[in-house]
Amino acid sequence: MMKQADDFERVSLGFFPTPLERLTTLGDSLGITLDIKRDDYTGFGGGGNKVRKLEYLMADACRKQVNVVITTGGHQSNHARMVAAAARKFGMKPVLVLRGHQPETYQGNLLLDKLFGAELEFLDPDGYFTQIEGAMNAHADAAQARGEKALIIPLGGATPLGALGYVRAIEEMDAQLKARHQLPPEVIVAPTGSGGTLAGLYVGARKYWPDTKIVGISVSAKAQWFQARISAMAQDCADLLEWPQNWTPEDIWIEDDFVGTAYGVPSDGGIDAIYRVAQAEGLLLDPVYTGKAMHGLISLVEQGKISAGSRVIFVHCGGSPALYPFAQTLLEH
Ligand SMILES: *Cc1c(COP(=O)(O)O)cnc(C)c1O
């Protein structure tokens with residue numbers, strides 16, 4: 001029999017269910033019915049989408065009686081910040097290997113990393129992808145040499161187990177919509193950085209909402225790369241649920257026109273979206289993920305790739321601590 005996401009061990013970190021709210025002004029101006037899933041309000045450690053994944057990943061860490069949790073991310077990584085908070089909650093030491101140079105001032109997520117007492121190592125951006133595995137392994141080896149047990153959580157917590165967090169998110173939204181006698185959305189739009197969120201949303205939607213399309217707006221890599229990675233992760237996640245699937249990369253819908261210059265560099269379209277949503281709805285997005293994803297949503301509606309009149313859910317994955325380090329860029333725009 002197929003397993004449920006609820007059958008897997010989980011620690012309780014976030015405040016669930018997160019709100020699902022209607023954005024009337026923005027939705028009307030776009031000609032769609034727009035709801036937003038407020039996963040910026042998962043609450044724990046400053047909140048964001050990684051909390052759902054970490055409920056599963058930290059249960060694994062607790063079961064393994066880990067002393068040190070090691071992970072990685074960009075300079076302003078929300079994921080790394082939430083891992084640091086989660087490690088502390090369970091008496092573990094967080095080690096974060098971040099892509100970027102040692103900063104002069106610790107702002108935004110870097111400040112929070114410091115408050116959580118994380119050990120930080122900075123890797124030169126150019127050598128990052130060749131050095132990251134070795135750097136994290138070196139921290140694990142050092143822990144072991146001290147007689148401690150270490151666990152490495154991959155970039156973005158993007159594992160089949162972590163993705164179960166977003167299968168649960170679909171279950172949660174399904175219950176919210178049923179309670180309001182509303183139909184499932186035709187389209188879900190979410191930012192895509194490591195792909196774990198999209199993989200979980202995809203599995204959950206195939207399970208509960210077979211007619212719903214899941215659109216990932218890339219904030220970093222090319223569509224092809226994500227399609228291969230996410231279809232594989234989704235299959236592995238379905239395997240965990242003992243629900244074997246034959247999904248292919250073509251099944252995964254990724255838009256890669258909204259990255260801008262690079263990951264972590266605010267784009268003009270993304271900043272426009274931040275201002276538009278702030279002034280239409282009093283709602284904050286961030287320049288690294290959700291602003292770019294909203295730029296994608298708006299453009300897909302304008303291009304007709306999301307049809308007029310559609311029911312759409314935008315997944316707000318958090319990230320507002322990253323607004324402040326970009327103050328100058330946002331104001332000069
Ligand atoms: C990590 C993150 C994402 C991307 O989620 P993935 O599961 O890594 O694809 C989107 N938005 C915010 C704010 C994030 O921190």
# chains A, B, ... in the order shown; residues from 1 in each chain; ligands from 1
>>> closest_atom_pairs(of="chain A", to="ligand 1", cutoff="6 Å", atoms="only C-alpha atoms and all ligand atoms", output="JSON lines")
{"residue": "A:Asn78", "atom": "CA", "partner": "ligand 1", "partner_atom_place_in_ligand_line": "15 (O)", "distance": 4.5}
{"residue": "A:His79", "atom": "CA", "partner": "ligand 1", "partner_atom_place_in_ligand_line": "15 (O)", "distance": 5.6}
{"residue": "A:Gly156", "atom": "CA", "partner": "ligand 1", "partner_atom_place_in_ligand_line": "8 (O)", "distance": 4.5}
{"residue": "A:Pro191", "atom": "CA", "partner": "ligand 1", "partner_atom_place_in_ligand_line": "10 (C)", "distance": 4.9}
{"residue": "A:Thr192", "atom": "CA", "partner": "ligand 1", "partner_atom_place_in_ligand_line": "9 (O)", "distance": 3.7}
{"residue": "A:Gly193", "atom": "CA", "partner": "ligand 1", "partner_atom_place_in_ligand_line": "9 (O)", "distance": 3.6}
{"residue": "A:Ser194", "atom": "CA", "partner": "ligand 1", "partner_atom_place_in_ligand_line": "8 (O)", "distance": 3.5}
{"residue": "A:Gly195", "atom": "CA", "partner": "ligand 1", "partner_atom_place_in_ligand_line": "9 (O)", "distance": 3.6}
{"residue": "A:Gly196", "atom": "CA", "partner": "ligand 1", "partner_atom_place_in_ligand_line": "7 (O)", "distance": 3.8}
{"residue": "A:Thr197", "atom": "CA", "partner": "ligand 1", "partner_atom_place_in_ligand_line": "7 (O)", "distance": 3.6}
{"residue": "A:Tyr289", "atom": "CA", "partner": "ligand 1", "partner_atom_place_in_ligand_line": "11 (N)", "distance": 4.6}
{"residue": "A:Thr290", "atom": "CA", "partner": "ligand 1", "partner_atom_place_in_ligand_line": "11 (N)", "distance": 5.7}
{"residue": "A:Cys317", "atom": "CA", "partner": "ligand 1", "partner_atom_place_in_ligand_line": "11 (N)", "distance": 4.3}
{"residue": "A:Gly318", "atom": "CA", "partner": "ligand 1", "partner_atom_place_in_ligand_line": "13 (C)", "distance": 4.0}
{"residue": "A:Gly319", "atom": "CA", "partner": "ligand 1", "partner_atom_place_in_ligand_line": "13 (C)", "distance": 3.8}
>>> write_last_selection(atoms="N, CA and C atoms", output="PDB file, in the first residue's frame")
ATOM      1  N   ASN A  78      19.149  31.380   2.820  1.00  0.00           N
ATOM      2  CA  ASN A  78      18.099  31.181   3.825  1.00  0.00           C
ATOM      3  C   ASN A  78      18.176  29.770   4.391  1.00  0.00           C
ATOM      4  N   HIS A  79      18.496  28.834   3.505  1.00  0.00           N
ATOM      5  CA  HIS A  79      18.604  27.430   3.910  1.00  0.00           C
ATOM      6  C   HIS A  79      19.651  27.264   5.014  1.00  0.00           C
ATOM      7  N   GLY A 156      20.360  23.333  -0.110  1.00  0.00           N
ATOM      8  CA  GLY A 156      18.903  23.498  -0.180  1.00  0.00           C
ATOM      9  C   GLY A 156      18.111  22.396   0.506  1.00  0.00           C
ATOM     10  N   PRO A 191       9.400  29.539  -6.830  1.00  0.00           N
ATOM     11  CA  PRO A 191      10.805  29.737  -7.210  1.00  0.00           C
ATOM     12  C   PRO A 191      11.561  28.414  -7.105  1.00  0.00           C
ATOM     13  N   THR A 192      12.582  28.260  -7.940  1.00  0.00           N
ATOM     14  CA  THR A 192      13.337  27.010  -7.954  1.00  0.00           C
ATOM     15  C   THR A 192      14.828  27.293  -7.854  1.00  0.00           C
ATOM     16  N   GLY A 193      15.425  26.839  -6.727  1.00  0.00           N
ATOM     17  CA  GLY A 193      16.842  27.092  -6.487  1.00  0.00           C
ATOM     18  C   GLY A 193      17.647  25.807  -6.445  1.00  0.00           C
ATOM     19  N   SER A 194      17.238  24.877  -5.571  1.00  0.00           N
ATOM     20  CA  SER A 194      17.891  23.566  -5.544  1.00  0.00           C
ATOM     21  C   SER A 194      16.968  22.507  -6.124  1.00  0.00           C
ATOM     22  N   GLY A 195      15.702  22.809  -6.227  1.00  0.00           N
ATOM     23  CA  GLY A 195      14.744  21.906  -6.856  1.00  0.00           C
ATOM     24  C   GLY A 195      13.946  21.036  -5.895  1.00  0.00           C
ATOM     25  N   GLY A 196      14.316  21.032  -4.614  1.00  0.00           N
ATOM     26  CA  GLY A 196      13.622  20.166  -3.652  1.00  0.00           C
ATOM     27  C   GLY A 196      12.155  20.526  -3.469  1.00  0.00           C
ATOM     28  N   THR A 197      11.893  21.830  -3.409  1.00  0.00           N
ATOM     29  CA  THR A 197      10.511  22.279  -3.243  1.00  0.00           C
ATOM     30  C   THR A 197       9.675  21.853  -4.437  1.00  0.00           C
ATOM     31  N   TYR A 289      14.878  35.158  -4.677  1.00  0.00           N
ATOM     32  CA  TYR A 289      13.982  34.057  -5.082  1.00  0.00           C
ATOM     33  C   TYR A 289      12.583  34.546  -5.478  1.00  0.00           C
ATOM     34  N   THR A 290      11.845  35.039  -4.499  1.00  0.00           N
ATOM     35  CA  THR A 290      10.402  35.217  -4.722  1.00  0.00           C
ATOM     36  C   THR A 290      10.094  36.395  -5.645  1.00  0.00           C
ATOM     37  N   CYS A 317       8.141  31.408  -0.622  1.00  0.00           N
ATOM     38  CA  CYS A 317       9.102  30.543   0.079  1.00  0.00           C
ATOM     39  C   CYS A 317       9.925  31.286   1.127  1.00  0.00           C
ATOM     40  N   GLY A 318       9.629  32.581   1.364  1.00  0.00           N
ATOM     41  CA  GLY A 318      10.356  33.307   2.413  1.00  0.00           C
ATOM     42  C   GLY A 318      11.461  34.179   1.839  1.00  0.00           C
ATOM     43  N   GLY A 319      12.501  34.398   2.641  1.00  0.00           N
ATOM     44  CA  GLY A 319      13.677  35.092   2.143  1.00  0.00           C
ATOM     45  C   GLY A 319      13.782  36.563   2.475  1.00  0.00           C
TER      46      GLY A 319
END
>>> select_by_dssp(residues="stretch 212-320 of chain A", states="helix (DSSP H, G or I)", output="NGL selection string")
:A and (223-240 or 249-251 or 268-281 or 290-302 or 320)
>>> residues_around(residues="A:Leu123", least_positions_apart="3", cutoff="8 Å", atoms="only C-alpha atoms", output="ChimeraX atom specification")
/A:97-101,127-128,131-132
>>> residues_around(residues="A:Ile274", least_positions_apart="3", cutoff="9 Å", atoms="only C-alpha atoms", output="list in words")
Gly269, Gly270, Ile271, Val277, Ala278, Gln279, Leu283, Leu284, Leu285, Asp286, Pro287, Thr290, Gly291, Lys292, Met294 and His295 of chain A
>>> write_last_selection(atoms="all heavy atoms", output="short mmCIF file (atom, residue, chain, number, x, y, z; two decimals), in the first residue's frame")
data_model
loop_
_atom_site.label_atom_id
_atom_site.label_comp_id
_atom_site.auth_asym_id
_atom_site.auth_seq_id
_atom_site.Cartn_x
_atom_site.Cartn_y
_atom_site.Cartn_z
N GLY A 269 13.51 42.94 -13.56
CA GLY A 269 12.13 42.42 -13.52
C GLY A 269 11.73 41.97 -12.12
O GLY A 269 10.59 42.15 -11.70
N GLY A 270 12.68 41.38 -11.43
CA GLY A 270 12.42 40.91 -10.06
C GLY A 270 12.19 42.08 -9.11
O GLY A 270 11.30 42.03 -8.25
N ILE A 271 12.98 43.14 -9.28
CA ILE A 271 12.81 44.31 -8.41
C ILE A 271 11.48 44.99 -8.72
O ILE A 271 10.75 45.40 -7.81
CB ILE A 271 14.00 45.29 -8.55
CG1 ILE A 271 15.29 44.61 -8.07
CG2 ILE A 271 13.75 46.56 -7.73
CD1 ILE A 271 16.54 45.45 -8.22
N VAL A 277 4.21 44.22 -5.93
CA VAL A 277 3.48 43.43 -4.94
C VAL A 277 3.44 44.17 -3.60
O VAL A 277 2.43 44.14 -2.89
CB VAL A 277 4.12 42.03 -4.80
CG1 VAL A 277 3.49 41.25 -3.66
CG2 VAL A 277 3.99 41.26 -6.11
N ALA A 278 4.52 44.85 -3.25
CA ALA A 278 4.54 45.62 -2.00
C ALA A 278 3.45 46.69 -2.03
O ALA A 278 2.75 46.91 -1.04
CB ALA A 278 5.91 46.25 -1.79
N GLN A 279 3.27 47.34 -3.20
CA GLN A 279 2.35 48.47 -3.27
C GLN A 279 0.93 48.05 -3.62
O GLN A 279 -0.02 48.79 -3.35
CB GLN A 279 2.91 49.52 -4.24
CG GLN A 279 4.22 50.08 -3.64
CD GLN A 279 4.96 51.06 -4.52
OE1 GLN A 279 4.38 51.60 -5.47
NE2 GLN A 279 6.22 51.29 -4.21
N LEU A 283 2.72 43.37 0.70
CA LEU A 283 3.34 42.06 0.89
C LEU A 283 4.80 42.12 0.44
O LEU A 283 5.10 42.64 -0.63
CB LEU A 283 2.56 41.05 0.03
CG LEU A 283 3.07 39.62 0.03
CD1 LEU A 283 2.50 38.88 1.22
CD2 LEU A 283 2.67 38.91 -1.25
N LEU A 284 5.69 41.55 1.24
CA LEU A 284 7.11 41.60 0.94
C LEU A 284 7.61 40.34 0.24
O LEU A 284 7.36 39.22 0.70
CB LEU A 284 7.91 41.79 2.23
CG LEU A 284 7.63 43.10 2.97
CD1 LEU A 284 8.38 43.12 4.30
CD2 LEU A 284 8.02 44.30 2.11
N LEU A 285 8.30 40.54 -0.87
CA LEU A 285 9.02 39.45 -1.54
C LEU A 285 10.51 39.69 -1.32
O LEU A 285 10.88 40.65 -0.65
CB LEU A 285 8.68 39.44 -3.03
CG LEU A 285 7.19 39.24 -3.37
CD1 LEU A 285 6.98 39.38 -4.87
CD2 LEU A 285 6.70 37.89 -2.88
N ASP A 286 11.36 38.86 -1.89
CA ASP A 286 12.80 39.04 -1.71
C ASP A 286 13.48 39.08 -3.08
O ASP A 286 12.92 38.61 -4.07
CB ASP A 286 13.38 37.89 -0.87
CG ASP A 286 13.63 36.66 -1.72
OD1 ASP A 286 12.66 35.96 -2.04
OD2 ASP A 286 14.80 36.43 -2.10
N PRO A 287 14.69 39.66 -3.14
CA PRO A 287 15.33 39.86 -4.44
C PRO A 287 16.01 38.61 -5.03
O PRO A 287 16.35 38.61 -6.20
CB PRO A 287 16.38 40.94 -4.16
CG PRO A 287 16.64 40.87 -2.70
CD PRO A 287 15.42 40.33 -2.05
N THR A 290 11.85 35.04 -4.50
CA THR A 290 10.40 35.22 -4.72
C THR A 290 10.09 36.39 -5.65
O THR A 290 9.09 36.38 -6.35
CB THR A 290 9.67 35.39 -3.38
OG1 THR A 290 10.32 36.43 -2.62
CG2 THR A 290 9.72 34.11 -2.57
N GLY A 291 10.97 37.43 -5.65
CA GLY A 291 10.78 38.53 -6.59
C GLY A 291 10.92 38.04 -8.03
O GLY A 291 10.12 38.37 -8.91
N LYS A 292 11.97 37.24 -8.26
CA LYS A 292 12.19 36.70 -9.61
C LYS A 292 11.04 35.75 -9.99
O LYS A 292 10.60 35.72 -11.15
CB LYS A 292 13.54 35.98 -9.68
CG LYS A 292 14.71 36.95 -9.63
CD LYS A 292 16.07 36.24 -9.69
CE LYS A 292 17.21 37.27 -9.65
NZ LYS A 292 18.55 36.64 -9.70
N MET A 294 7.94 35.89 -8.93
CA MET A 294 6.74 36.68 -9.22
C MET A 294 6.87 37.36 -10.58
O MET A 294 5.89 37.47 -11.33
CB MET A 294 6.49 37.70 -8.10
CG MET A 294 5.21 38.49 -8.26
SD MET A 294 3.71 37.46 -8.32
CE MET A 294 3.38 37.22 -6.56
N HIS A 295 8.07 37.81 -10.92
CA HIS A 295 8.31 38.35 -12.26
C HIS A 295 7.92 37.28 -13.29
O HIS A 295 7.26 37.57 -14.29
CB HIS A 295 9.80 38.73 -12.41
CG HIS A 295 10.19 39.19 -13.78
ND1 HIS A 295 11.44 38.97 -14.30
CD2 HIS A 295 9.49 39.84 -14.74
CE1 HIS A 295 11.49 39.47 -15.52
NE2 HIS A 295 10.33 40.02 -15.82
#
>>> atom_distance(atom1="atom CA of A:Gly31", atom2="atom CA of A:Phe226")
29.2 Å
>>> closest_atom_pairs(of="stretch 149-189 of chain A", to="stretch 47-58 of chain A", cutoff="10 Å", atoms="only C-alpha atoms", output="tab-separated table")
residue	atom	partner	partner_atom	distance
A:Leu151	CA	A:Met58	CA	9.8
A:Ile153	CA	A:Leu57	CA	7.8
A:Gly156	CA	A:Lys50	CA	7.3
A:Gly157	CA	A:Lys53	CA	6.5
A:Ala158	CA	A:Lys53	CA	8.1
A:Thr159	CA	A:Lys53	CA	8.6
A:Pro160	CA	A:Lys53	CA	9.6
A:Leu161	CA	A:Tyr56	CA	6.5
A:Gly162	CA	A:Lys53	CA	4.1
A:Ala163	CA	A:Lys53	CA	6.2
A:Leu164	CA	A:Lys53	CA	7.0
A:Gly165	CA	A:Arg52	CA	4.6
A:Tyr166	CA	A:Arg52	CA	6.9
A:Val167	CA	A:Arg52	CA	9.7
A:Arg168	CA	A:Arg52	CA	8.3
A:Ala169	CA	A:Arg52	CA	8.1
>>> closest_atom_pairs(of="stretch 91-197 of chain A", to="stretch 320-330 of chain A", cutoff="7 Å", atoms="only C-alpha atoms", output="CSV")
residue,atom,partner,partner_atom,distance
A:Gln107,CA,A:Pro325,CA,5.8
A:Gly108,CA,A:Pro321,CA,4.8
A:Asn109,CA,A:Pro321,CA,5.8
>>> write_last_selection(atoms="all heavy atoms", output="PDB file, in the first residue's frame")
ATOM      1  N   GLN A 107      25.362  41.058   7.411  1.00  0.00           N
ATOM      2  CA  GLN A 107      24.026  41.613   7.239  1.00  0.00           C
ATOM      3  C   GLN A 107      23.046  40.522   6.858  1.00  0.00           C
ATOM      4  O   GLN A 107      23.443  39.492   6.323  1.00  0.00           O
ATOM      5  CB  GLN A 107      24.055  42.646   6.095  1.00  0.00           C
ATOM      6  CG  GLN A 107      24.063  44.083   6.555  1.00  0.00           C
ATOM      7  CD  GLN A 107      22.685  44.546   6.990  1.00  0.00           C
ATOM      8  OE1 GLN A 107      21.811  43.752   7.299  1.00  0.00           O
ATOM      9  NE2 GLN A 107      22.499  45.861   7.023  1.00  0.00           N
ATOM     10  N   GLY A 108      21.762  40.747   7.074  1.00  0.00           N
ATOM     11  CA  GLY A 108      20.736  39.817   6.611  1.00  0.00           C
ATOM     12  C   GLY A 108      20.944  38.428   7.201  1.00  0.00           C
ATOM     13  O   GLY A 108      21.153  38.261   8.400  1.00  0.00           O
ATOM     14  N   ASN A 109      20.911  37.416   6.341  1.00  0.00           N
ATOM     15  CA  ASN A 109      21.072  36.040   6.821  1.00  0.00           C
ATOM     16  C   ASN A 109      22.425  35.805   7.478  1.00  0.00           C
ATOM     17  O   ASN A 109      22.535  34.994   8.401  1.00  0.00           O
ATOM     18  CB  ASN A 109      20.875  35.055   5.669  1.00  0.00           C
ATOM     19  CG  ASN A 109      19.402  34.843   5.347  1.00  0.00           C
ATOM     20  OD1 ASN A 109      18.602  34.526   6.220  1.00  0.00           O
ATOM     21  ND2 ASN A 109      19.033  35.037   4.090  1.00  0.00           N
TER      22      ASN A 109
END
